[in-house]
Structures are given as structure tokens and as C-alpha cells.
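Source file: entry11.txt. Holds: compact mmCIF, C-alpha atoms.
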```
# COMPACT_ATOMS: atom_id res chain seq x y z
CA MET A 99 -2.72 -0.92 7.00
CA THR A 100 -4.40 0.42 10.14
CA ARG A 101 -7.89 -0.62 11.10
CA ARG A 102 -10.76 1.40 12.46
CA ASN A 103 -11.00 1.54 16.25
CA LYS A 104 -14.19 -0.48 16.46
CA GLN A 105 -12.40 -3.49 15.01
CA SER A 106 -9.86 -5.22 17.23
CA GLY A 107 -6.58 -6.54 15.88
CA LYS A 108 -4.43 -9.01 17.75
CA ILE A 109 -1.13 -7.95 16.25
CA ILE A 110 0.13 -4.42 16.86
CA PHE A 111 3.51 -3.23 15.62
CA ILE A 112 5.58 -0.48 17.19
CA LYS A 113 5.76 1.33 13.85
CA GLY A 114 1.97 1.40 13.82
CA ILE A 115 2.10 4.66 15.77
CA ASP A 116 0.04 7.50 14.37
CA PRO A 117 2.69 9.97 13.07
CA GLN A 118 0.49 12.88 14.14
CA ALA A 119 0.08 11.63 17.71
CA SER A 120 1.63 13.41 20.70
CA LYS A 121 4.80 12.13 22.37
CA ILE A 122 2.75 10.84 25.31
CA ALA A 123 0.36 9.01 22.98
CA LYS A 124 3.30 7.44 21.15
CA LEU A 125 4.87 6.30 24.42
CA ARG A 126 1.55 4.79 25.53
CA HIS A 127 1.31 2.96 22.22
CA ILE A 128 4.80 1.49 22.59
CA LEU A 129 4.07 0.34 26.14
CA LYS A 130 0.77 -1.20 25.02
CA VAL A 131 2.54 -3.06 22.23
CA ILE A 132 5.20 -4.45 24.56
CA ARG A 133 2.60 -5.51 27.18
CA THR A 134 0.61 -7.28 24.46
CA HIS A 135 3.47 -9.18 22.85
CA TYR A 136 6.34 -9.49 25.35
CA LYS A 137 5.84 -13.28 25.54
CA ASP A 138 5.51 -13.70 21.77
CA PHE A 139 8.83 -14.83 20.26
CA TYR A 140 7.49 -14.44 16.72
CA TRP A 141 6.66 -10.79 17.36
CA TRP A 142 10.08 -9.99 18.87
CA ARG A 143 11.85 -11.81 16.07
CA THR A 144 9.90 -9.93 13.40
CA GLU A 145 10.37 -6.52 15.01
CA VAL A 146 14.10 -6.91 15.60
CA LEU A 147 14.84 -8.28 12.15
CA ARG A 148 12.70 -5.72 10.35
CA TYR A 149 14.64 -2.90 12.03
CA ALA A 150 17.92 -4.61 11.17
CA PHE A 151 16.87 -4.98 7.52
CA GLU A 152 15.76 -1.36 7.37
CA ILE A 153 19.07 -0.09 8.73
CA TYR A 154 21.04 -2.37 6.40
CA TYR A 155 19.24 -1.26 3.25
CA LYS A 156 19.21 2.43 4.16
CA LYS A 157 22.82 2.63 5.32
CA TRP A 158 24.54 0.34 2.84
CA LYS A 159 22.36 -0.91 0.00
CA GLY A 160 20.35 2.22 -0.75
CA ASN A 161 16.92 2.51 -2.37
CA ASN A 162 16.67 2.19 -6.15
CA GLY A 163 12.88 2.45 -6.29
CA ILE A 164 11.00 4.94 -8.45
CA TYR A 165 9.41 8.16 -7.26
CA VAL A 166 5.89 7.73 -8.57
CA VAL A 167 5.21 11.47 -8.87
CA GLU A 168 8.07 11.73 -11.36
CA GLU A 169 6.64 9.04 -13.63
CA LYS A 170 4.41 9.93 -16.60
CA TRP A 171 0.74 9.29 -15.81
CA ASP A 172 -2.52 11.18 -15.48
CA ASN A 173 -4.19 8.54 -13.32
CA LEU A 174 -2.39 6.09 -11.05
CA ILE A 175 -4.30 3.09 -9.70
CA ILE A 176 -2.65 1.42 -6.70
CA LEU A 177 -3.60 -2.16 -5.85
CA ASP A 178 -2.44 -2.61 -2.28
CA ALA A 179 0.01 -5.50 -1.78
CA CYS A 180 -0.35 -6.65 -5.40
CA ARG A 181 2.46 -8.89 -6.59
CA HIS A 182 3.74 -8.47 -10.11
CA ASP A 183 3.82 -12.18 -10.88
CA VAL A 184 0.26 -12.79 -9.66
CA LEU A 185 -1.21 -9.91 -11.65
CA LYS A 186 0.62 -11.21 -14.69
CA GLU A 187 -1.00 -14.63 -14.19
CA VAL A 188 -4.46 -13.10 -13.83
CA MET A 189 -4.30 -10.66 -16.73
CA GLY A 190 -2.79 -13.23 -19.08
CA GLU A 191 -0.73 -10.67 -20.96
CA GLU A 192 2.50 -8.75 -20.73
CA VAL A 193 2.67 -6.92 -17.43
CA GLY A 194 5.68 -4.71 -16.85
CA TYR A 195 7.12 -3.80 -13.48
CA LYS A 196 8.90 -1.07 -11.57
CA ILE A 197 10.84 -1.11 -8.32
CA SER A 198 8.92 0.31 -5.37
CA ARG A 199 10.49 2.53 -2.75
CA GLY A 200 8.77 0.62 0.05
CA SER A 201 7.87 -2.88 1.16
CA SER A 202 4.84 -1.61 3.10
CA THR A 203 2.30 1.17 2.58
CA LEU A 204 3.72 3.26 5.42
CA GLU A 205 7.22 3.12 3.95
CA TRP A 206 5.96 3.70 0.39
CA VAL A 207 3.97 6.80 1.36
CA ARG A 208 6.82 8.28 3.37
CA GLU A 209 9.31 7.69 0.57
CA ASN A 210 7.10 9.19 -2.13
CA PHE A 211 5.02 11.96 -0.61
CA THR A 212 6.36 13.53 2.57
CA ASP A 213 8.90 16.07 1.27
CA SER A 214 6.64 18.40 -0.69
CA LYS A 215 3.07 19.43 -1.48
CA TYR A 216 1.23 18.10 -4.53
CA ASP A 217 -1.41 20.58 -5.55
CA ASP A 218 -1.89 18.85 -8.90
CA ILE A 219 -2.88 15.50 -7.30
CA VAL A 220 -6.20 14.27 -5.92
CA TYR A 221 -5.70 11.09 -3.83
CA VAL A 222 -8.64 8.73 -3.28
CA THR A 223 -7.68 6.09 -0.72
CA ALA A 224 -9.08 3.04 1.02
CA ASN A 225 -5.88 2.73 3.06
CA PRO A 226 -5.79 4.79 6.30
CA TRP A 227 -1.99 5.08 6.26
CA VAL A 228 -2.13 7.59 3.41
CA HIS A 229 -4.37 9.85 5.47
CA LYS A 230 -2.25 9.45 8.60
CA VAL A 231 1.13 10.07 6.96
CA ALA A 232 0.42 12.42 4.06
CA ASN A 233 -2.70 14.35 5.01
CA ASN A 234 -2.81 17.95 3.72
CA LEU A 235 -0.12 17.28 1.12
CA PHE A 236 -2.47 16.94 -1.85
CA HIS A 237 -4.93 19.23 -3.59
CA LYS A 238 -7.57 16.89 -2.14
CA LEU A 239 -7.35 13.67 -0.16
CA ILE A 240 -10.53 11.59 -0.09
CA PRO A 241 -10.40 9.04 2.80
CA VAL A 242 -12.88 6.44 1.57
CA TRP A 243 -12.00 4.22 4.54
CA LYS A 244 -13.87 6.74 6.69
CA TYR A 245 -17.04 6.74 4.60
CA GLY A 246 -17.18 3.45 2.74
CA TRP A 247 -15.90 0.84 5.20
CA ASP A 248 -17.70 -2.51 5.02
CA ASP A 249 -17.93 -4.10 8.47
CA ASN A 250 -18.85 -7.52 7.09
CA TYR A 251 -15.67 -7.75 5.03
CA GLY A 252 -13.44 -5.68 7.30
CA THR A 253 -12.24 -3.49 4.43
CA VAL A 254 -13.34 -1.09 1.70
CA LEU A 255 -14.78 -3.07 -1.20
CA PRO A 256 -13.44 -2.36 -4.71
CA SER A 257 -16.91 -1.47 -5.99
CA THR A 258 -17.07 1.32 -3.40
CA MET A 259 -13.64 2.61 -4.37
CA THR A 260 -14.59 2.72 -8.04
CA GLU A 261 -17.68 4.79 -7.29
CA TYR A 262 -15.69 7.33 -5.27
CA ALA A 263 -12.92 7.43 -7.89
CA ILE A 264 -15.33 8.09 -10.77
CA ASP A 265 -16.87 10.94 -8.79
CA ALA A 266 -13.42 12.37 -8.05
CA ALA A 267 -12.45 12.21 -11.73
CA LYS A 268 -15.60 14.18 -12.62
CA ASN A 269 -15.17 16.73 -9.83
CA TYR A 270 -11.45 17.30 -10.47
CA PRO A 271 -11.00 16.80 -14.24
CA ASP A 272 -7.81 18.90 -14.38
CA LYS A 273 -5.88 17.07 -11.64
CA ARG A 274 -3.72 13.96 -11.61
CA LEU A 275 -5.64 11.20 -9.85
CA ILE A 276 -4.33 8.48 -7.52
CA VAL A 277 -6.82 5.75 -6.59
CA HIS A 278 -5.60 3.43 -3.84
CA TYR A 279 -7.64 0.22 -3.63
CA MET A 280 -7.24 -1.97 -0.55
CA GLN A 281 -7.23 -5.24 -2.51
CA PRO A 282 -5.65 -7.73 -2.89
CA HIS A 283 -4.42 -6.89 0.62
CA ALA A 284 -6.18 -8.98 3.27
CA PRO A 285 -8.89 -9.32 4.51
CA TYR A 286 -9.68 -11.20 1.33
CA ILE A 287 -13.03 -10.55 -0.32
CA VAL A 288 -13.65 -14.13 -1.46
CA GLU A 289 -14.80 -17.11 0.58
CA HIS A 290 -12.04 -19.00 2.39
CA ASN A 291 -11.38 -21.12 5.47
CA LEU A 292 -8.35 -19.34 6.88
CA SER A 293 -10.19 -17.57 9.68
CA LYS A 294 -13.34 -18.06 11.72
CA LYS A 295 -14.61 -14.58 10.86
CA ARG A 296 -14.64 -13.32 7.30
CA ALA A 297 -13.53 -9.85 8.40
CA GLU A 298 -10.75 -11.13 10.67
CA TYR A 299 -7.57 -9.20 10.01
CA GLU A 300 -4.69 -10.78 8.15
CA TRP A 301 -2.01 -10.93 10.82
CA GLU A 302 -3.26 -13.97 12.71
CA PHE A 303 -3.20 -16.31 9.74
CA MET A 304 -0.15 -14.58 8.26
CA ARG A 305 1.63 -15.35 11.50
CA GLN A 306 0.53 -18.97 11.17
CA LEU A 307 1.81 -18.94 7.60
CA ALA A 308 5.20 -17.65 8.71
CA ARG A 309 5.32 -20.42 11.31
CA GLY A 310 4.70 -23.03 8.65
CA LYS A 311 1.24 -23.97 9.95
CA LEU A 312 -0.60 -22.99 6.76
CA ASP A 313 -0.12 -24.05 3.17
CA PRO A 314 1.48 -21.17 1.21
CA LYS A 315 -0.14 -22.38 -2.00
CA GLU A 316 -3.59 -22.23 -0.42
CA VAL A 317 -3.06 -18.68 0.84
CA ARG A 318 -1.67 -17.59 -2.52
CA ASP A 319 -4.68 -19.06 -4.29
CA ILE A 320 -7.12 -17.15 -2.06
CA TYR A 321 -5.10 -13.98 -2.59
CA LYS A 322 -5.21 -14.54 -6.36
CA ARG A 323 -8.97 -15.09 -6.34
CA SER A 324 -9.40 -11.90 -4.34
CA LEU A 325 -7.41 -10.05 -6.99
CA GLU A 326 -9.54 -11.59 -9.74
CA ALA A 327 -12.68 -10.37 -7.96
CA THR A 328 -11.20 -6.86 -7.77
CA LEU A 329 -10.06 -6.32 -11.34
CA PRO A 330 -13.51 -5.94 -12.99
CA HIS A 331 -14.10 -2.89 -10.79
CA VAL A 332 -10.65 -1.55 -11.61
CA PHE A 333 -11.18 -1.96 -15.37
CA LYS A 334 -14.55 -0.22 -15.06
CA LEU A 335 -12.69 2.76 -13.64
CA VAL A 336 -10.01 2.63 -16.34
CA GLU A 337 -12.71 2.89 -19.01
CA GLU A 338 -14.05 6.05 -17.36
CA LEU A 339 -10.73 7.89 -17.09
CA LYS A 340 -9.19 10.27 -19.60
CA GLY A 341 -5.51 10.41 -20.43
CA LYS A 342 -2.81 7.93 -19.45
CA THR A 343 -3.73 5.50 -16.68
CA VAL A 344 -1.27 3.22 -14.88
CA ILE A 345 -2.11 0.22 -12.71
CA SER A 346 0.59 -0.46 -10.12
CA ALA A 347 1.06 -1.30 -6.42
CA ASP A 348 2.65 0.17 -3.34
CA HIS A 349 4.34 -3.14 -2.46
CA GLY A 350 4.00 -6.88 -2.92
CA GLU A 351 3.31 -9.78 -0.56
CA LEU A 352 5.13 -12.75 0.96
CA PHE A 353 3.44 -16.11 1.41
CA GLY A 354 6.34 -17.54 3.34
CA LYS A 355 9.94 -16.80 2.43
CA LYS A 356 12.98 -17.98 4.35
CA ILE A 357 15.46 -15.18 5.10
CA LEU A 358 18.38 -15.67 7.49
CA PHE A 359 16.94 -19.02 8.62
CA PHE A 360 13.57 -17.44 9.45
CA ASN A 361 10.30 -17.58 7.56
CA PHE A 362 8.50 -14.31 6.73
CA ALA A 363 4.97 -13.59 5.52
CA ALA A 364 2.91 -10.49 4.63
CA HIS A 365 4.98 -7.35 3.90
CA PRO A 366 7.49 -6.27 6.55
CA TRP A 367 8.74 -2.74 6.00
CA GLY A 368 12.46 -2.37 5.40
CA LEU A 369 12.70 -5.78 3.72
CA ARG A 370 13.72 -5.22 0.09
CA VAL A 371 13.23 -8.57 -1.62
CA PRO A 372 11.82 -8.99 -5.17
CA GLU A 373 8.46 -10.33 -4.00
CA LEU A 374 7.88 -7.09 -2.08
CA ILE A 375 9.46 -4.32 -4.15
CA GLN A 376 8.92 -5.55 -7.72
CA VAL A 377 5.49 -4.08 -8.42
CA PRO A 378 3.34 -4.25 -11.57
CA TRP A 379 3.24 -1.38 -14.05
CA VAL A 380 0.50 -1.58 -16.68
CA GLU A 381 -0.26 1.42 -18.89
CA PHE A 382 -3.49 2.35 -20.65
CA ASP A 383 -4.17 5.31 -22.94
CA SER A 384 -7.75 6.47 -23.37
CA GLY A 385 -6.91 8.32 -26.58
CA GLU A 386 -8.54 11.39 -25.05
CA PRO A 387 -6.03 13.83 -23.55
CA LYS A 388 -6.31 15.03 -19.98
CA VAL A 389 -5.14 18.58 -19.37
CA ILE A 390 -3.57 18.89 -15.94
CA ARG A 391 -3.64 22.20 -14.13
CA LYS A 392 -0.57 22.32 -11.96
CA GLY A 393 -0.29 24.16 -8.69
CA ASN A 394 2.64 26.26 -7.64
CA ASP A 395 5.44 26.11 -10.22
CA LYS A 396 7.91 25.68 -7.35
CA GLN A 397 6.31 22.34 -6.39
CA GLY A 398 8.32 20.15 -8.76
CA LEU A 399 11.56 21.90 -7.83
CA LYS A 400 10.91 21.38 -4.12
CA HIS A 401 10.25 17.69 -4.69
CA THR A 402 13.46 17.27 -6.69
CA ILE A 403 15.52 19.12 -4.07
CA GLY A 404 13.96 17.01 -1.29
CA ARG A 405 14.72 13.81 -3.19
CA LEU A 406 18.34 14.79 -3.86
CA LYS A 407 18.82 15.67 -0.19
CA GLY A 408 17.35 12.32 0.83
CA GLU A 409 19.81 10.57 -1.48
CA GLY A 410 22.71 12.58 -0.01
CA ARG A 411 23.53 14.13 -3.37
CA ILE A 412 23.20 17.73 -2.14
```
Written form, C-alpha cells:
Amino acid sequence: MTRRNKQSGKIIFIKGIDPQASKIAKLRHILKVIRTHYKDFYWWRTEVLRYAFEIYYKKWKGNNGIYVVEEKWDNLIILDACRHDVLKEVMGEEVGYKISRGSSTLEWVRENFTDSKYDDIVYVTANPWVHKVANNLFHKLIPVWKYGWDDNYGTVLPSTMTEYAIDAAKNYPDKRLIVHYMQPHAPYIVEHNLSKKRAEYEWEFMRQLARGKLDPKEVRDIYKRSLEATLPHVFKLVEELKGKTVISADHGELFGKKILFFNFAAHPWGLRVPELIQVPWVEFDSGEPKVIRKGNDKQGLKHTIGRLKGEGRI
């Protein structure tokens, strides 16, 4: 996730470059990142290993995740950084899962949406990465993070997302709908003692978690309570939607996992471990069909060709 300019974040990653930025702007960003973190061993370790993991999985292991646009749904609700096991605990019922194509939002968006145009999809998002990476690819992209940001919480609240999503469903009744909530991704929307400021971004205490200075169980509990506070707003939306609705996630979350003798937290891109790529998949059927008006008939063919090229099959 990227934050709005008026909010300062202590941790900046090289891959946090705006894809639409000029070459000079990208170079300035890289230099700024290095100046900020050149003395930080944790930052160097994370950056080097994440690139190594990404190369390893792309070159040798491959990506067995689903392409969400090829799945059967009329409405897709994305809970950012939602772990399958935690949602299963909260919902108290059978929660299926799929394998995601990314371990971060940036990777997930690039893997799913950057090789075609999707004129049959309206995307309502609280996550800025969608707008940065896949802008102009959908029939309509509604960047709620621009209009509905809550400065006190440092995020877009789920109640705000539900309001925008219901409006989008009414305004575009013949389009597939993707609604991308920011929760349970940090900053958490429940009271906790992990940071001095409620809206403080996740990376500082996630870094402390990776260093073993925080209790993983405590962080997981706060994350779970944040998810519990989100779901009533999600279910309100589900009740308003026609057709088949799926609740899923772009990626999961780590609360401290040892890999190659190092501890990792949050959701490093390129790291394909079950906690990050095994995402929930819960289906609901309203009983009332939703008729989708597709765009150009060549759209699906272009997506399939792009996917096959990406897999090296053509």
C-alpha cells in the first residue's frame, strides 16, 4: 500500500516507485530510499532477500495462482491482506481458499490486470496501488482513497467503502464489480498499544515484529479484531448485491515467520509461502441474476493470449 503525501512513512521500499513516474523521478526515488535506509541492516536484508525470492519463484518454481478475471463471479470483494485461516476463525464456518498470484497488492495487480483492458469491470478501491498500476484498464476505476481517506485512522474505513460500493452497484448494474477494502491491512481500526499514534503506518511495528521485539500473538489478535470490525460492513454490501458474490483477498499476512534463518513480517512481494498466497474464497448467491454487459468481444481473447505468453506457452 502507498500512503497519501501528507502522511509520512518511515519505511520506503525501492519497489514503491510510481510505475507512471518519469525515469528521473524513479531515479530520485531510489536515491532517496538508499539515503534513508543505508544504515538499516533490516531494510537491506529484506530488500535483497525479497528480490532473491522473486527471481527464484519466477525462474524456477513458477506461479500457480489463479487469474481472478477468469473465475466465475459477478462481484468480487477483496479484503486486503486477509489470511484464510483468520477469516475461517472469525466466520466460524467452512471457508474455501484459492492460490493468489501475488504476495503483495502491487504484485497481485500486475499479475492479474496489466495485460488487457476490462471493459466489463468496475473497480472500487481503497488501495492506491490499484490506481497507480492499473489505471485506465477498467470500464471505471473509483479511487476511494482519494475521496474517503480518514486522517484519524490513516486509512479508508470499511463503512466508507461500503457506501461507495453500493453506489457503484446501482450506477453500473450491468458490470462485474470489484470492491477492494483496505482492511484487515494495517493501520488497524481497533484500539491497540502497538504505536503511539493510531494512524501510524504498519511498517514500524512490523519491523519490530520481524526483529522479535513484539509478541506475534498480540499482533495477530489485533489484526483479527480489525477483521471482525470490518465484516459487518462487508456483509451489508453482500446483501445489496445481485448475482454471485465472492469474498477473497489479494494476499495474506505474516506475523513473524522464519525463512532462511531470518524472521519476516507483513507481506513481502515475491515470497510465495502459504500464509501469503493461500487466500480465502467464500461464495454467496443472491438468487437474483445479474446480467453482465461485456465490452469488446476481443477482450477475453487478449487476456488469454497475454496469460499464455506470460507463462511461456506461446
Task: Residue among A:Val344, A:Glu205, A:Tyr286, A:Asn210 lying closest to A:Glu168, counting only C-alpha atoms - done: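 With only C-alpha atoms as the atom set, the closest residue is A:Asn210.
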Considering only C-alpha atoms, return as a PDB file with C-alpha atoms, in the frame of the given file whatever protein or nucleic-acid residues lie within 10 Å of stretch 179-191 of chain A, sequence-local ones (same chain, fewer than 4 positions apart) excluded.
```pdb
ATOM      1  CA  TYR A 195       7.120  -3.800 -13.480  1.00  0.00           C
ATOM      2  CA  LYS A 196       8.900  -1.070 -11.570  1.00  0.00           C
ATOM      3  CA  SER A 201       7.870  -2.880   1.160  1.00  0.00           C
ATOM      4  CA  SER A 202       4.840  -1.610   3.100  1.00  0.00           C
ATOM      5  CA  THR A 203       2.300   1.170   2.580  1.00  0.00           C
ATOM      6  CA  TYR A 279      -7.640   0.220  -3.630  1.00  0.00           C
ATOM      7  CA  MET A 280      -7.240  -1.970  -0.550  1.00  0.00           C
ATOM      8  CA  GLN A 281      -7.230  -5.240  -2.510  1.00  0.00           C
ATOM      9  CA  PRO A 282      -5.650  -7.730  -2.890  1.00  0.00           C
ATOM     10  CA  HIS A 283      -4.420  -6.890   0.620  1.00  0.00           C
ATOM     11  CA  ALA A 284      -6.180  -8.980   3.270  1.00  0.00           C
ATOM     12  CA  ARG A 318      -1.670 -17.590  -2.520  1.00  0.00           C
ATOM     13  CA  ASP A 319      -4.680 -19.060  -4.290  1.00  0.00           C
ATOM     14  CA  TYR A 321      -5.100 -13.980  -2.590  1.00  0.00           C
ATOM     15  CA  LYS A 322      -5.210 -14.540  -6.360  1.00  0.00           C
ATOM     16  CA  ARG A 323      -8.970 -15.090  -6.340  1.00  0.00           C
ATOM     17  CA  LEU A 325      -7.410 -10.050  -6.990  1.00  0.00           C
ATOM     18  CA  GLU A 326      -9.540 -11.590  -9.740  1.00  0.00           C
ATOM     19  CA  LEU A 329     -10.060  -6.320 -11.340  1.00  0.00           C
ATOM     20  CA  SER A 346       0.590  -0.460 -10.120  1.00  0.00           C
ATOM     21  CA  ALA A 347       1.060  -1.300  -6.420  1.00  0.00           C
ATOM     22  CA  ASP A 348       2.650   0.170  -3.340  1.00  0.00           C
ATOM     23  CA  HIS A 349       4.340  -3.140  -2.460  1.00  0.00           C
ATOM     24  CA  GLY A 350       4.000  -6.880  -2.920  1.00  0.00           C
ATOM     25  CA  GLU A 351       3.310  -9.780  -0.560  1.00  0.00           C
ATOM     26  CA  LEU A 352       5.130 -12.750   0.960  1.00  0.00           C
ATOM     27  CA  ALA A 364       2.910 -10.490   4.630  1.00  0.00           C
ATOM     28  CA  HIS A 365       4.980  -7.350   3.900  1.00  0.00           C
ATOM     29  CA  PRO A 372      11.820  -8.990  -5.170  1.00  0.00           C
ATOM     30  CA  GLU A 373       8.460 -10.330  -4.000  1.00  0.00           C
ATOM     31  CA  LEU A 374       7.880  -7.090  -2.080  1.00  0.00           C
ATOM     32  CA  ILE A 375       9.460  -4.320  -4.150  1.00  0.00           C
ATOM     33  CA  GLN A 376       8.920  -5.550  -7.720  1.00  0.00           C
ATOM     34  CA  VAL A 377       5.490  -4.080  -8.420  1.00  0.00           C
ATOM     35  CA  PRO A 378       3.340  -4.250 -11.570  1.00  0.00           C
ATOM     36  CA  TRP A 379       3.240  -1.380 -14.050  1.00  0.00           C
ATOM     37  CA  VAL A 380       0.500  -1.580 -16.680  1.00  0.00           C
TER      38      VAL A 380
END
```
- [ ] State, in Å with one decimal place, the distance from atom CA of A:Lys342 to atom CA of A:Lys388.
- [x]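 Separation of atom CA of A:Lys342 and atom CA of A:Lys388: 7.9 Å.
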Closest atom pairs, stretch 179-232 of chain A residues within 10 Å of stretch 247-257 of chain A, only C-alpha atoms, as CSV:
```
residue,atom,partner,partner_atom,distance
A:Thr223,CA,A:Val254,CA,9.5
A:Ala224,CA,A:Val254,CA,6.0
A:Asn225,CA,A:Val254,CA,8.5
```
Grab the residues selected above and save them as a PDB file, keeping the file's coordinate frame with C-alpha atoms.
```pdb
ATOM      1  CA  THR A 223      -7.680   6.090  -0.720  1.00  0.00           C
ATOM      2  CA  ALA A 224      -9.080   3.040   1.020  1.00  0.00           C
ATOM      3  CA  ASN A 225      -5.880   2.730   3.060  1.00  0.00           C
TER       4      ASN A 225
END
```
To test the calculation: enclose all listed atoms of stretch 227-235 of chain A in a box whose edges run along x, y and z, add 6 Å on each side, then state centre and edge lengths in Å to one decimal, as AutoDock Vina command-line options.
```
--center_x -1.6 --center_y 11.5 --center_z 4.9 --size_x 17.5 --size_y 24.9 --size_z 19.5
```
Open item on the list: Between atom CA of A:Asp217 and atom CA of A:Pro241, what distance in Å does the model show, to one decimal?
Closed with: 16.8 Å
Open item on the list: Just the number, please: distance in Å from atom CA of A:Tyr221 to atom CA of A:Arg370, one decimal.
Closed with: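 So the answer is 25.7 Å.
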Open item on the list: I need the residue nearest A:Gly200 from this list: A:Tyr245, A:Tyr165, A:Trp142, A:Trp171. Use only C-alpha atoms for the distance.
Closed with: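 Of all the options, A:Tyr165 lies closest to A:Gly200.
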Report as a compact mmCIF listing (two decimals) with C-alpha atoms, keeping the file's coordinate frame all protein, DNA and RNA residues lying within 7 Å of stretch 258-262 of chain A, evaluated on only C-alpha atoms, omitting residues in the same chain fewer than 4 positions from it.
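result25.txt, freshly written:
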```txt
# COMPACT_ATOMS: atom_id res chain seq x y z
CA GLY A 246 -17.18 3.45 2.74
CA VAL A 254 -13.34 -1.09 1.70
CA ALA A 266 -13.42 12.37 -8.05
CA TYR A 279 -7.64 0.22 -3.63
CA HIS A 331 -14.10 -2.89 -10.79
CA VAL A 332 -10.65 -1.55 -11.61
CA LEU A 335 -12.69 2.76 -13.64
```
What does stretch 306-318 of chain A look like written to a file with N, CA and C atoms, as a short mmCIF file (atom, residue, chain, number, x, y, z; two decimals), in the first residue's frame?
```cif
data_model
loop_
_atom_site.label_atom_id
_atom_site.label_comp_id
_atom_site.auth_asym_id
_atom_site.auth_seq_id
_atom_site.Cartn_x
_atom_site.Cartn_y
_atom_site.Cartn_z
N GLN A 306 9.52 -4.18 14.02
CA GLN A 306 9.79 -4.65 15.38
C GLN A 306 9.34 -6.10 15.56
N LEU A 307 8.25 -6.46 14.90
CA LEU A 307 7.76 -7.83 14.96
C LEU A 307 8.76 -8.78 14.31
N ALA A 308 9.28 -8.39 13.15
CA ALA A 308 10.25 -9.22 12.46
C ALA A 308 11.54 -9.37 13.27
N ARG A 309 11.84 -8.36 14.09
CA ARG A 309 13.05 -8.42 14.91
C ARG A 309 12.82 -9.16 16.23
N GLY A 310 11.61 -9.64 16.43
CA GLY A 310 11.31 -10.38 17.64
C GLY A 310 11.05 -9.52 18.85
N LYS A 311 10.77 -8.23 18.65
CA LYS A 311 10.55 -7.31 19.77
C LYS A 311 9.08 -7.12 20.12
N LEU A 312 8.19 -7.77 19.36
CA LEU A 312 6.76 -7.75 19.65
C LEU A 312 6.24 -9.17 19.69
N ASP A 313 5.17 -9.35 20.41
CA ASP A 313 4.55 -10.66 20.54
C ASP A 313 3.68 -10.95 19.32
N PRO A 314 4.01 -11.97 18.52
CA PRO A 314 3.22 -12.27 17.33
C PRO A 314 1.75 -12.54 17.64
N LYS A 315 1.49 -13.17 18.77
CA LYS A 315 0.11 -13.47 19.14
C LYS A 315 -0.68 -12.19 19.40
N GLU A 316 -0.03 -11.20 20.00
CA GLU A 316 -0.71 -9.94 20.26
C GLU A 316 -1.06 -9.22 18.96
N VAL A 317 -0.12 -9.19 18.03
CA VAL A 317 -0.35 -8.54 16.74
C VAL A 317 -1.45 -9.27 15.98
N ARG A 318 -1.40 -10.59 16.00
CA ARG A 318 -2.42 -11.38 15.30
C ARG A 318 -3.80 -11.13 15.89
#
```
